[in-house]
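Just protein08.txt here, compact mmCIF, C-alpha atoms:
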```txt
# COMPACT_ATOMS: atom_id res chain seq x y z
CA MET W 9 103.36 57.83 148.85
CA GLU W 10 103.73 58.40 145.12
CA GLN W 11 101.49 61.45 145.55
CA ALA W 12 103.72 62.84 148.30
CA ALA W 13 106.84 62.29 146.21
CA LYS W 14 105.24 64.21 143.34
CA ASN W 15 104.35 67.08 145.63
CA ILE W 16 107.91 67.38 146.83
CA GLU W 17 109.06 67.77 143.22
CA VAL W 18 106.63 70.61 142.50
CA ASN W 19 108.48 73.86 141.95
CA ASN W 20 107.85 76.99 143.96
CA VAL W 21 105.68 79.19 141.72
CA VAL W 22 104.85 82.74 142.85
CA ASN W 23 102.88 85.18 140.66
CA GLY W 24 103.01 82.60 137.87
CA VAL W 25 106.81 82.76 137.94
CA ASP W 26 108.74 79.57 138.65
CA VAL W 27 111.00 80.90 141.39
CA ASP W 28 113.13 77.74 141.53
CA GLU W 29 113.84 78.14 137.82
CA LEU W 30 114.54 81.86 138.34
CA PHE W 31 117.18 81.14 140.99
CA GLY W 32 118.45 78.27 138.84
CA THR W 33 119.01 80.80 136.03
CA ILE W 34 120.81 83.16 138.40
CA ASN W 35 123.09 80.36 139.61
CA ALA W 36 123.83 79.24 136.06
CA ILE W 37 124.76 82.84 135.11
CA LYS W 38 127.03 83.12 138.16
CA LYS W 39 128.99 80.14 136.84
CA ALA W 40 129.00 81.31 133.20
CA PRO W 41 128.14 85.03 132.86
CA VAL W 42 128.37 84.79 129.04
CA ILE W 43 124.98 83.04 128.91
CA ALA W 44 123.39 86.29 130.16
CA THR W 45 124.31 88.07 126.90
CA PHE W 46 121.12 88.52 124.87
CA LYS W 47 120.39 90.09 121.50
CA PHE W 48 116.79 91.00 120.71
CA LYS W 49 115.75 91.54 117.11
CA ALA W 50 112.99 93.06 114.97
CA ASP W 51 112.36 93.40 111.24
CA ASN W 52 110.26 96.23 109.85
CA GLN W 53 108.58 96.66 106.47
CA TRP W 54 107.11 99.95 105.29
CA MET W 55 103.53 99.45 104.01
CA GLY W 56 102.76 103.01 102.77
CA GLY W 57 102.13 106.33 104.51
CA GLY W 58 102.28 106.02 108.30
CA HIS W 59 101.68 102.27 108.11
CA ASN W 60 104.52 99.82 108.72
CA ARG W 61 104.81 96.29 110.05
CA THR W 62 107.28 94.85 112.54
CA THR W 63 107.93 91.12 112.75
CA ILE W 64 109.55 89.55 115.83
CA LYS W 65 110.83 86.07 115.11
CA ASN W 66 113.94 85.20 117.05
CA PHE W 67 116.47 86.29 119.63
CA TYR W 68 119.89 85.24 120.87
CA GLY W 69 120.70 84.19 124.44
CA THR W 70 122.46 81.43 126.42
CA GLN W 71 124.95 81.33 123.50
CA GLN W 72 122.40 80.25 120.91
CA ASP W 73 119.56 81.45 118.69
CA HIS W 74 115.99 80.94 119.85
CA LYS W 75 112.80 81.11 117.82
CA HIS W 76 109.50 82.33 119.20
CA GLN W 77 106.81 79.66 118.98
CA GLU W 78 105.30 81.77 116.19
CA PRO W 79 106.45 85.12 114.73
CA PHE W 80 104.71 88.16 116.24
CA VAL W 81 103.43 90.67 113.67
CA LEU W 82 102.81 94.23 114.88
CA ASP W 83 101.28 96.91 112.67
CA ALA W 84 101.92 100.56 113.42
CA ASP W 85 100.10 103.50 111.87
CA GLU W 86 99.08 107.05 112.70
CA PRO W 87 95.53 108.20 113.43
CA PRO W 88 93.83 110.38 110.75
CA LEU W 89 94.68 113.52 112.77
CA LEU W 90 98.36 112.63 112.18
CA LEU W 91 97.73 111.79 108.51
CA GLY W 92 97.46 108.02 108.84
CA ARG W 93 94.65 105.46 108.58
CA ASP W 94 94.68 104.22 112.19
CA LEU W 95 95.63 100.64 111.22
CA GLY W 96 97.60 100.18 114.45
CA PRO W 97 98.96 102.00 117.49
CA ASN W 98 101.44 104.70 116.56
CA PRO W 99 105.16 104.40 117.40
CA VAL W 100 105.03 106.49 120.58
CA GLU W 101 102.08 104.40 121.79
CA TYR W 102 104.22 101.30 121.22
CA ALA W 103 106.88 102.94 123.39
CA LEU W 104 104.35 103.30 126.24
CA THR W 105 103.34 99.66 125.69
CA ALA W 106 106.97 98.56 126.05
CA LEU W 107 107.36 100.58 129.24
CA ALA W 108 104.05 99.41 130.77
CA ALA W 109 104.81 95.76 130.03
CA CYS W 110 108.37 95.96 131.29
CA VAL W 111 107.72 97.75 134.57
CA THR W 112 104.84 95.32 135.23
CA THR W 113 106.93 92.22 134.53
CA SER W 114 109.83 93.58 136.57
CA ILE W 115 107.54 94.07 139.58
CA VAL W 116 106.07 90.58 139.13
CA TYR W 117 109.42 88.74 138.78
CA HIS W 118 111.22 90.60 141.57
CA ALA W 119 108.24 90.32 143.92
CA ALA W 120 108.17 86.58 143.17
CA ALA W 121 111.88 86.31 144.03
CA LYS W 122 111.08 87.95 147.38
CA GLY W 123 108.13 85.60 147.91
CA VAL W 124 105.54 88.40 147.71
CA ALA W 125 102.31 87.21 146.07
CA ILE W 126 100.55 89.78 143.88
CA ARG W 127 96.80 89.36 143.57
CA SER W 128 96.19 91.94 140.87
CA MET W 129 97.95 94.83 139.20
CA GLU W 130 97.00 97.41 136.60
CA SER W 131 98.54 100.65 135.46
CA ARG W 132 97.83 103.79 133.48
CA LEU W 133 100.46 105.64 131.50
CA GLU W 134 100.55 109.06 129.95
CA GLY W 135 103.34 110.89 128.12
CA ASP W 136 103.69 114.45 126.81
CA ILE W 137 104.83 115.23 123.29
CA ASP W 138 104.96 118.61 121.57
CA LEU W 139 104.53 117.97 117.85
CA GLN W 140 106.65 121.01 117.01
CA GLY W 141 109.68 118.81 117.74
CA PHE W 142 108.85 116.04 115.26
CA LEU W 143 107.81 118.57 112.62
CA GLY W 144 111.19 120.30 112.92
CA MET W 145 109.50 123.62 113.68
CA ARG W 146 111.53 124.37 116.82
CA ASP W 147 114.92 123.00 117.77
CA ASP W 148 114.41 123.80 121.46
CA VAL W 149 111.43 121.41 121.61
CA PRO W 150 112.39 117.74 122.03
CA ARG W 151 111.15 115.39 119.31
CA GLY W 152 110.15 112.71 121.80
CA TYR W 153 108.49 112.49 125.19
CA LYS W 154 109.09 115.38 127.57
CA GLU W 155 107.93 113.24 130.49
CA ILE W 156 106.12 109.95 131.02
CA ARG W 157 104.01 109.16 134.07
CA MET W 158 102.93 105.67 135.15
CA SER W 159 100.42 105.05 137.91
CA VAL W 160 100.29 101.50 139.31
CA LYS W 161 97.33 100.01 141.20
CA ILE W 162 98.41 96.88 143.04
CA ASP W 163 96.86 94.37 145.39
CA ALA W 164 99.52 92.19 146.99
CA ASP W 165 100.08 89.99 149.99
CA ALA W 166 102.09 92.64 151.85
CA PRO W 167 101.45 95.32 154.46
CA PRO W 168 100.29 98.65 152.96
CA GLU W 169 103.57 100.36 153.87
CA LYS W 170 105.49 97.76 151.85
CA LEU W 171 103.41 98.17 148.67
CA GLU W 172 105.21 101.28 147.48
CA GLU W 173 108.50 99.38 147.82
CA ILE W 174 107.12 96.56 145.67
CA VAL W 175 105.96 99.02 143.00
CA GLN W 176 109.42 100.62 142.94
CA LEU W 177 110.96 97.23 142.04
CA GLY W 178 109.61 98.10 138.57
CA PRO W 179 111.66 101.23 137.82
CA THR W 180 114.61 99.75 139.73
CA TYR W 181 114.96 96.68 137.53
CA SER W 182 112.99 97.31 134.31
CA PRO W 183 115.13 97.18 131.15
CA VAL W 184 112.73 99.44 129.19
CA PHE W 185 112.51 101.97 132.05
CA ASP W 186 116.32 102.03 132.01
CA THR W 187 116.44 102.26 128.20
CA ILE W 188 114.14 105.31 128.21
CA THR W 189 115.65 107.11 131.21
CA ARG W 190 119.38 106.47 130.59
CA ALA W 191 120.16 107.71 127.03
CA VAL W 192 120.99 104.55 125.09
CA PRO W 193 123.11 104.83 121.93
CA VAL W 194 121.16 103.97 118.77
CA LYS W 195 123.02 103.65 115.45
CA VAL W 196 120.88 104.03 112.33
CA GLN W 197 122.67 103.26 109.09
CA MET W 198 121.78 102.62 105.49
CA GLU W 199 122.22 99.09 104.21
CA ARG W 200 124.24 99.26 100.97
CA MET D 21 85.23 120.73 82.88
CA GLU D 22 83.86 119.33 86.13
CA GLN D 23 86.46 116.56 85.84
CA ALA D 24 89.25 119.11 85.42
CA ALA D 25 88.01 121.12 88.40
CA LYS D 26 88.06 117.94 90.52
CA ASN D 27 91.61 117.17 89.47
CA ILE D 28 92.76 120.59 90.54
CA GLU D 29 91.38 119.94 94.00
CA VAL D 30 93.31 116.67 94.45
CA ASN D 31 95.90 117.02 97.20
CA ASN D 32 99.59 116.41 96.73
CA VAL D 33 100.21 112.95 98.17
CA VAL D 34 103.79 111.64 98.43
CA ASN D 35 104.65 108.28 100.04
CA GLY D 36 100.98 107.95 101.03
CA VAL D 37 101.29 111.16 103.07
CA ASP D 38 99.03 114.08 102.19
CA VAL D 39 101.69 116.77 101.96
CA ASP D 40 99.16 119.61 101.61
CA GLU D 41 97.56 118.48 104.86
CA LEU D 42 101.02 118.15 106.46
CA PHE D 43 101.90 121.76 105.60
CA GLY D 44 98.37 122.80 106.60
CA THR D 45 99.06 121.29 110.05
CA ILE D 46 102.39 123.12 110.29
CA ASN D 47 100.73 126.41 109.40
CA ALA D 48 97.92 125.86 111.89
CA ILE D 49 100.51 125.14 114.64
CA LYS D 50 102.44 128.29 113.71
CA LYS D 51 99.30 130.31 114.43
CA ALA D 52 98.36 128.38 117.60
CA PRO D 53 101.31 126.36 119.01
CA VAL D 54 99.09 124.98 121.82
CA ILE D 55 97.41 122.59 119.36
CA ALA D 56 100.77 120.79 119.02
CA THR D 57 100.59 119.62 122.66
CA PHE D 58 99.78 115.91 122.65
CA LYS D 59 99.32 113.35 125.41
CA PHE D 60 99.55 109.68 124.48
CA LYS D 61 98.08 107.07 126.81
CA ALA D 62 98.13 103.36 127.57
CA ASP D 63 96.44 101.10 130.12
CA ASN D 64 98.02 97.86 131.25
CA GLN D 65 96.56 94.83 133.03
CA TRP D 66 98.68 92.07 134.52
CA MET D 67 97.45 88.63 133.37
CA GLY D 68 99.78 86.37 135.41
CA GLY D 69 103.50 85.58 135.23
CA GLY D 70 105.25 87.43 132.42
CA HIS D 71 101.94 87.98 130.59
CA ASN D 72 100.28 91.39 130.60
CA ARG D 73 97.99 93.28 128.24
CA THR D 74 98.17 96.90 127.12
CA THR D 75 95.14 98.67 125.68
CA ILE D 76 95.49 101.85 123.61
CA LYS D 77 92.21 103.68 123.31
CA ASN D 78 92.61 107.44 123.14
CA PHE D 79 94.98 110.36 123.06
CA TYR D 80 94.86 114.12 123.51
CA GLY D 81 95.86 116.69 120.88
CA THR D 82 94.63 119.85 119.16
CA GLN D 83 93.10 120.74 122.56
CA GLN D 84 90.71 117.79 122.65
CA ASP D 85 90.48 114.04 123.28
CA HIS D 86 90.54 111.68 120.33
CA LYS D 87 89.51 108.04 120.22
CA HIS D 88 91.14 105.46 117.99
CA GLN D 89 88.66 103.89 115.58
CA GLU D 90 88.96 100.77 117.75
CA PRO D 91 91.04 100.10 120.87
CA PHE D 92 94.35 98.35 120.16
CA VAL D 93 95.10 95.40 122.45
CA LEU D 94 98.72 94.31 122.78
CA ASP D 95 99.78 91.24 124.75
CA ALA D 96 103.30 91.00 126.11
CA ASP D 97 104.92 87.90 127.56
CA GLU D 98 108.33 86.30 127.93
CA PRO D 99 109.57 83.23 126.04
CA PRO D 100 109.94 79.99 128.04
CA LEU D 101 113.70 80.62 128.37
CA LEU D 102 112.76 83.76 130.36
CA LEU D 103 110.10 81.89 132.36
CA GLY D 104 107.06 82.96 130.34
CA ARG D 105 104.65 81.24 127.96
CA ASP D 106 105.50 83.19 124.78
CA LEU D 107 101.99 84.68 124.44
CA GLY D 108 103.37 87.89 122.92
CA PRO D 109 106.57 89.80 122.19
CA ASN D 110 108.46 90.69 125.34
CA PRO D 111 108.77 94.29 126.56
CA VAL D 112 112.22 94.94 125.08
CA GLU D 113 110.99 93.58 121.74
CA TYR D 114 108.11 96.10 121.94
CA ALA D 115 110.75 98.80 122.47
CA LEU D 116 112.47 97.77 119.21
CA THR D 117 109.06 97.79 117.49
CA ALA D 118 108.43 101.35 118.67
CA LEU D 119 111.85 102.44 117.41
CA ALA D 120 111.55 100.66 114.04
CA ALA D 121 108.08 102.10 113.40
CA CYS D 122 109.04 105.60 114.46
CA VAL D 123 112.27 105.93 112.49
CA THR D 124 110.46 104.50 109.43
CA THR D 125 107.52 106.92 109.71
CA SER D 126 109.86 109.85 110.34
CA ILE D 127 111.79 109.06 107.14
CA VAL D 128 108.53 108.68 105.18
CA TYR D 129 106.91 111.93 106.40
CA HIS D 130 110.01 114.11 106.12
CA ALA D 131 110.93 112.68 102.71
CA ALA D 132 107.35 113.43 101.60
CA ALA D 133 107.70 117.02 102.82
CA LYS D 134 110.83 117.31 100.65
CA GLY D 135 109.02 115.75 97.69
CA VAL D 136 111.18 112.60 97.69
CA ALA D 137 109.19 109.52 96.67
CA ILE D 138 110.16 106.29 98.44
CA ARG D 139 109.50 103.12 96.51
CA SER D 140 110.25 100.63 99.28
CA MET D 141 111.88 100.52 102.68
CA GLU D 142 112.66 97.82 105.20
CA SER D 143 114.87 97.64 108.25
CA ARG D 144 116.47 95.23 110.67
CA LEU D 145 117.08 96.04 114.32
CA GLU D 146 119.19 94.41 116.97
CA GLY D 147 119.85 95.42 120.57
CA ASP D 148 122.20 94.07 123.24
CA ILE D 149 121.06 93.28 126.77
CA ASP D 150 123.03 91.61 129.55
CA LEU D 151 120.50 89.83 131.77
CA GLN D 152 122.72 90.34 134.83
CA GLY D 153 121.35 93.90 134.94
CA PHE D 154 117.65 92.97 135.10
CA LEU D 155 118.39 90.18 137.58
CA GLY D 156 120.13 92.65 139.91
CA MET D 157 123.28 90.54 139.89
CA ARG D 158 125.65 93.37 138.99
CA ASP D 159 125.11 97.07 139.49
CA ASP D 160 127.72 97.99 136.86
CA VAL D 161 125.65 96.26 134.14
CA PRO D 162 122.79 98.38 132.77
CA ARG D 163 119.31 96.89 133.08
CA GLY D 164 118.32 97.94 129.57
CA TYR D 165 119.86 98.04 126.11
CA LYS D 166 123.59 98.70 125.95
CA GLU D 167 123.29 99.63 122.28
CA ILE D 168 120.69 99.33 119.51
CA ARG D 169 121.57 99.09 115.81
CA MET D 170 119.13 99.70 112.95
CA SER D 171 119.97 98.96 109.35
CA VAL D 172 117.69 100.54 106.72
CA LYS D 173 117.33 99.29 103.13
CA ILE D 174 115.67 101.97 101.02
CA ASP D 175 114.72 102.41 97.38
CA ALA D 176 113.81 106.03 96.68
CA ASP D 177 113.57 108.46 93.81
CA ALA D 178 116.86 110.18 94.66
CA PRO D 179 120.50 109.95 93.56
CA PRO D 180 122.48 107.30 95.49
CA GLU D 181 124.52 109.95 97.30
CA LYS D 182 121.31 111.49 98.67
CA LEU D 183 119.91 108.23 100.06
CA GLU D 184 121.98 108.30 103.24
CA GLU D 185 120.67 111.83 103.89
CA ILE D 186 117.09 110.58 103.54
CA VAL D 187 117.72 107.69 105.94
CA GLN D 188 119.18 110.12 108.48
CA LEU D 189 115.88 112.07 108.50
CA GLY D 190 114.74 109.16 110.69
CA PRO D 191 117.07 109.61 113.68
CA THR D 192 116.94 113.39 113.21
CA TYR D 193 113.17 113.68 113.68
CA SER D 194 111.94 110.42 115.26
CA PRO D 195 110.23 110.90 118.65
CA VAL D 196 111.04 107.34 119.79
CA PHE D 197 114.69 107.62 118.67
CA ASP D 198 114.85 110.81 120.74
CA THR D 199 113.03 109.19 123.68
CA ILE D 200 115.55 106.33 123.78
CA THR D 201 118.72 108.35 123.17
CA ARG D 202 117.99 111.45 125.31
CA ALA D 203 117.19 110.21 128.87
CA VAL D 204 113.51 111.03 129.36
CA PRO D 205 112.16 111.38 132.92
CA VAL D 206 109.69 108.61 133.82
CA LYS D 207 107.73 108.84 137.07
CA VAL D 208 106.34 105.58 138.41
CA GLN D 209 104.04 105.93 141.38
CA MET D 210 101.57 103.82 143.27
CA GLU D 211 97.92 104.71 142.92
CA ARG D 212 96.43 104.99 146.42
```

If you took the structure in this file and wrote it as structure tokens, what would it be?
Amino acid sequence: MEQAAKNIEVNNVVNGVDVDELFGTINAIKKAPVIATFKFKADNQWMGGGHNRTTIKNFYGTQQDHKHQEPFVLDADEPPLLLGRDLGPNPVEYALTALAACVTTSIVYHAAAKGVAIRSMESRLEGDIDLQGFLGMRDDVPRGYKEIRMSVKIDADAPPEKLEEIVQLGPTYSPVFDTITRAVPVKVQMER
Amino acid sequence: MEQAAKNIEVNNVVNGVDVDELFGTINAIKKAPVIATFKFKADNQWMGGGHNRTTIKNFYGTQQDHKHQEPFVLDADEPPLLLGRDLGPNPVEYALTALAACVTTSIVYHAAAKGVAIRSMESRLEGDIDLQGFLGMRDDVPRGYKEIRMSVKIDADAPPEKLEEIVQLGPTYSPVFDTITRAVPVKVQMER
């Protein structure tokens, strides 16, 4: 009896995502949209040459500040070919990491909301950069990625013809996909 | 005598960047622009829920494949508030990391090329996201960042009125700044 009662209270978890909590969040935002306003933050410290360190400590959301359980420390550097010491991924590799992680999570969360169980998923990303842009050698060459391609291998509890639809939940909802493909304003200013 | 000869051979290093090598690279690219074509790569594996792992192993440039000295492994997750277990920065925090690292390195390399020594540099970044976009609750709310702000504190061997110019080398040349602000095409497809 007690066992049965406990079972009834167990939340509906799909793909490791608590779907009851997800819909609870959506309902709470419907009542008070202001809680959906988030600010994400990062601090960076130059370490010398191509080496610098980003620390992620806290963010703002649901009208209050939140701390990560522990700060995340991420070193970036350039490989020797690009005059660094290879002490971390380089900045454009971090950009691919952000995109890979975000498209993946967007697929997982939105598939969970639809009740589609994913058994496994992996992806490979590749992006083209012509260094003449960064070096300021040619103004008609973009400094950043010309194009990025992401290939997703997925095994999910869905008919084969539905799999492509599940994969496309990623680019449809991913904040980083949107940030890269939409042209987001970035203001860089000197602190006086 | 031998000592003097050695000293003459020492390269011109500014901000930890070998400027002779930097101009050597530029000259080599002028002769053979094809060596400036780079491909950066990342592999991602879903670990469950909001947790996934990106591995950065190799890249292509100067017409050949290059391996990092060791693969870089980067875990992403969501904080409990966003239904994860906080096992890593979340994807949009990785995007800020990419931007912070790239603008910083762009300032450092281009200041070095101009012979401007930087004594120290740090920055703080903040970006606004309305979760209603990711959740698909409102189509008029972008999924990604609405705006990102980066504030740079710099101490460099330059007159105060030149410092702002040095900081602006970042957004002028940074590949990730360009990738975020320009609208880069991203193709996501299912691997069959």

6 Å contact set for region 148-164 of chain W, all atoms listed in the file, chain neighbours under 2 positions out, as a PyMOL selection string: (chain W and resi 125-137+141-142+146+166) or (chain D and resi 195-196+198-199+205-211)

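Closest approach to Lys182 (chain D) among D:Leu107, D:Val136, D:Val34, D:Ile46: D:Val136, based on all atoms listed in the file.
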
Need the axis-aligned box for region 93-100 of chain D with 4 Å each side, so what are the centre and edges in Å to one decimal, as JSON?
```
{"center_x": 102.5, "center_y": 87.7, "center_z": 125.2, "size_x": 22.8, "size_y": 23.4, "size_z": 13.6}
```

Once chain W has been least-squares superposed onto chain D, matching all their Cα atoms in order, can you return it as a compact mmCIF listing (two decimals) with C-alpha atoms, in the coordinates of the input?
```txt
# COMPACT_ATOMS: atom_id res chain seq x y z
CA MET W 9 85.66 120.57 82.56
CA GLU W 10 84.20 119.09 85.73
CA GLN W 11 86.94 116.45 85.54
CA ALA W 12 89.65 119.11 85.30
CA ALA W 13 88.19 121.02 88.24
CA LYS W 14 88.26 117.83 90.33
CA ASN W 15 91.87 117.19 89.42
CA ILE W 16 92.89 120.64 90.54
CA GLU W 17 91.36 119.94 93.96
CA VAL W 18 93.31 116.70 94.43
CA ASN W 19 95.85 117.04 97.21
CA ASN W 20 99.54 116.42 96.75
CA VAL W 21 100.15 112.94 98.19
CA VAL W 22 103.73 111.65 98.45
CA ASN W 23 104.58 108.28 100.06
CA GLY W 24 100.93 107.97 101.07
CA VAL W 25 101.24 111.18 103.09
CA ASP W 26 98.98 114.10 102.22
CA VAL W 27 101.63 116.79 101.97
CA ASP W 28 99.10 119.62 101.64
CA GLU W 29 97.51 118.50 104.90
CA LEU W 30 100.97 118.19 106.49
CA PHE W 31 101.85 121.79 105.63
CA GLY W 32 98.33 122.81 106.64
CA THR W 33 99.02 121.30 110.09
CA ILE W 34 102.34 123.14 110.31
CA ASN W 35 100.68 126.45 109.43
CA ALA W 36 97.89 125.88 111.94
CA ILE W 37 100.49 125.16 114.67
CA LYS W 38 102.41 128.32 113.76
CA LYS W 39 99.26 130.32 114.48
CA ALA W 40 98.34 128.40 117.65
CA PRO W 41 101.29 126.39 119.05
CA VAL W 42 99.09 125.00 121.86
CA ILE W 43 97.40 122.60 119.41
CA ALA W 44 100.77 120.81 119.06
CA THR W 45 100.60 119.63 122.70
CA PHE W 46 99.80 115.91 122.69
CA LYS W 47 99.33 113.35 125.45
CA PHE W 48 99.56 109.68 124.52
CA LYS W 49 98.09 107.08 126.84
CA ALA W 50 98.15 103.34 127.60
CA ASP W 51 96.46 101.09 130.15
CA ASN W 52 98.05 97.85 131.28
CA GLN W 53 96.58 94.83 133.05
CA TRP W 54 98.70 92.07 134.55
CA MET W 55 97.47 88.63 133.38
CA GLY W 56 99.82 86.35 135.42
CA GLY W 57 103.53 85.56 135.24
CA GLY W 58 105.26 87.42 132.41
CA HIS W 59 101.95 87.97 130.62
CA ASN W 60 100.30 91.39 130.62
CA ARG W 61 98.01 93.29 128.28
CA THR W 62 98.18 96.90 127.14
CA THR W 63 95.15 98.68 125.72
CA ILE W 64 95.49 101.87 123.65
CA LYS W 65 92.20 103.70 123.35
CA ASN W 66 92.60 107.44 123.20
CA PHE W 67 94.97 110.38 123.12
CA TYR W 68 94.86 114.13 123.56
CA GLY W 69 95.87 116.69 120.92
CA THR W 70 94.63 119.88 119.22
CA GLN W 71 93.11 120.76 122.63
CA GLN W 72 90.73 117.80 122.71
CA ASP W 73 90.48 114.06 123.35
CA HIS W 74 90.53 111.69 120.40
CA LYS W 75 89.49 108.06 120.28
CA HIS W 76 91.13 105.48 118.05
CA GLN W 77 88.64 103.92 115.64
CA GLU W 78 88.91 100.79 117.80
CA PRO W 79 91.04 100.11 120.91
CA PHE W 80 94.35 98.36 120.20
CA VAL W 81 95.08 95.40 122.48
CA LEU W 82 98.72 94.31 122.80
CA ASP W 83 99.78 91.24 124.76
CA ALA W 84 103.30 91.00 126.12
CA ASP W 85 104.92 87.89 127.56
CA GLU W 86 108.33 86.30 127.94
CA PRO W 87 109.56 83.25 126.03
CA PRO W 88 109.95 79.99 128.03
CA LEU W 89 113.71 80.63 128.35
CA LEU W 90 112.78 83.76 130.34
CA LEU W 91 110.11 81.90 132.33
CA GLY W 92 107.07 82.96 130.33
CA ARG W 93 104.65 81.24 127.93
CA ASP W 94 105.50 83.21 124.77
CA LEU W 95 101.98 84.68 124.45
CA GLY W 96 103.36 87.89 122.92
CA PRO W 97 106.56 89.81 122.20
CA ASN W 98 108.45 90.69 125.35
CA PRO W 99 108.78 94.30 126.57
CA VAL W 100 112.22 94.93 125.07
CA GLU W 101 110.97 93.59 121.73
CA TYR W 102 108.12 96.10 121.94
CA ALA W 103 110.75 98.80 122.46
CA LEU W 104 112.46 97.77 119.19
CA THR W 105 109.04 97.79 117.50
CA ALA W 106 108.43 101.36 118.68
CA LEU W 107 111.84 102.45 117.41
CA ALA W 108 111.52 100.66 114.04
CA ALA W 109 108.06 102.10 113.42
CA CYS W 110 109.02 105.61 114.46
CA VAL W 111 112.25 105.93 112.48
CA THR W 112 110.42 104.51 109.44
CA THR W 113 107.50 106.92 109.72
CA SER W 114 109.83 109.85 110.34
CA ILE W 115 111.74 109.06 107.14
CA VAL W 116 108.49 108.69 105.19
CA TYR W 117 106.86 111.94 106.42
CA HIS W 118 109.98 114.10 106.13
CA ALA W 119 110.86 112.68 102.72
CA ALA W 120 107.29 113.43 101.62
CA ALA W 121 107.65 117.04 102.83
CA LYS W 122 110.77 117.31 100.66
CA GLY W 123 108.95 115.75 97.71
CA VAL W 124 111.13 112.61 97.69
CA ALA W 125 109.13 109.52 96.67
CA ILE W 126 110.10 106.30 98.45
CA ARG W 127 109.44 103.11 96.52
CA SER W 128 110.19 100.64 99.28
CA MET W 129 111.84 100.53 102.68
CA GLU W 130 112.63 97.81 105.19
CA SER W 131 114.84 97.64 108.23
CA ARG W 132 116.44 95.23 110.66
CA LEU W 133 117.07 96.04 114.29
CA GLU W 134 119.16 94.40 116.95
CA GLY W 135 119.86 95.42 120.55
CA ASP W 136 122.21 94.06 123.22
CA ILE W 137 121.07 93.27 126.74
CA ASP W 138 123.04 91.61 129.52
CA LEU W 139 120.52 89.83 131.74
CA GLN W 140 122.74 90.34 134.78
CA GLY W 141 121.37 93.89 134.90
CA PHE W 142 117.68 92.96 135.09
CA LEU W 143 118.40 90.16 137.56
CA GLY W 144 120.16 92.64 139.87
CA MET W 145 123.32 90.52 139.85
CA ARG W 146 125.68 93.37 138.94
CA ASP W 147 125.14 97.08 139.45
CA ASP W 148 127.74 98.00 136.82
CA VAL W 149 125.68 96.26 134.11
CA PRO W 150 122.81 98.38 132.73
CA ARG W 151 119.34 96.86 133.06
CA GLY W 152 118.34 97.91 129.55
CA TYR W 153 119.87 98.03 126.10
CA LYS W 154 123.60 98.69 125.92
CA GLU W 155 123.27 99.62 122.24
CA ILE W 156 120.69 99.32 119.49
CA ARG W 157 121.54 99.09 115.80
CA MET W 158 119.10 99.70 112.94
CA SER W 159 119.94 98.96 109.32
CA VAL W 160 117.65 100.53 106.70
CA LYS W 161 117.27 99.29 103.12
CA ILE W 162 115.61 101.96 100.99
CA ASP W 163 114.66 102.43 97.37
CA ALA W 164 113.75 106.04 96.67
CA ASP W 165 113.47 108.48 93.82
CA ALA W 166 116.78 110.19 94.66
CA PRO W 167 120.40 109.96 93.56
CA PRO W 168 122.40 107.31 95.48
CA GLU W 169 124.46 109.97 97.28
CA LYS W 170 121.25 111.51 98.66
CA LEU W 171 119.86 108.25 100.06
CA GLU W 172 121.94 108.31 103.22
CA GLU W 173 120.62 111.83 103.89
CA ILE W 174 117.05 110.59 103.53
CA VAL W 175 117.69 107.70 105.93
CA GLN W 176 119.15 110.12 108.49
CA LEU W 177 115.85 112.07 108.50
CA GLY W 178 114.72 109.16 110.70
CA PRO W 179 117.06 109.62 113.68
CA THR W 180 116.91 113.40 113.20
CA TYR W 181 113.16 113.68 113.68
CA SER W 182 111.93 110.42 115.27
CA PRO W 183 110.24 110.91 118.66
CA VAL W 184 111.04 107.34 119.80
CA PHE W 185 114.68 107.62 118.67
CA ASP W 186 114.85 110.81 120.74
CA THR W 187 113.05 109.20 123.69
CA ILE W 188 115.56 106.32 123.78
CA THR W 189 118.73 108.35 123.16
CA ARG W 190 117.99 111.44 125.30
CA ALA W 191 117.21 110.19 128.86
CA VAL W 192 113.53 111.01 129.36
CA PRO W 193 112.19 111.36 132.91
CA VAL W 194 109.72 108.60 133.83
CA LYS W 195 107.77 108.84 137.10
CA VAL W 196 106.38 105.56 138.42
CA GLN W 197 104.09 105.91 141.41
CA MET W 198 101.62 103.79 143.30
CA GLU W 199 97.96 104.68 142.95
CA ARG W 200 96.48 104.94 146.46
```

Coordinates-based distance that separates CA of Ile174 (chain W) from CA of Val21 (chain W) (Å, one decimal):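 Going from CA of Val21 (chain W) over to CA of Ile174 (chain W) covers 17.9 Å.
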
Distance query Ile188 (chain W) at most 6 Å, only C-alpha atoms, self and fewer than 2 positions along chain excluded, as number ranges by chain: W: 185-186, 190; D: 200, 203-204

Residues from the last selection, C-alpha atoms, saved as a PDB file, in the frame of the given file:
```
ATOM      1  CA  PHE W 185     112.510 101.970 132.050  1.00  0.00           C
ATOM      2  CA  ASP W 186     116.320 102.030 132.010  1.00  0.00           C
ATOM      3  CA  ARG W 190     119.380 106.470 130.590  1.00  0.00           C
TER       4      ARG W 190
ATOM      5  CA  ILE D 200     115.550 106.330 123.780  1.00  0.00           C
ATOM      6  CA  ALA D 203     117.190 110.210 128.870  1.00  0.00           C
ATOM      7  CA  VAL D 204     113.510 111.030 129.360  1.00  0.00           C
TER       8      VAL D 204
END
```

Distance in Å - CA of Gly156 (chain D) versus CA of Tyr117 (chain W): 11.5 Å

For CA of Gly44 (chain D) and CA of Ile127 (chain D), the interatomic separation in Å (one decimal):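 We find that CA of Gly44 (chain D) and CA of Ile127 (chain D) lie 19.2 Å from each other.
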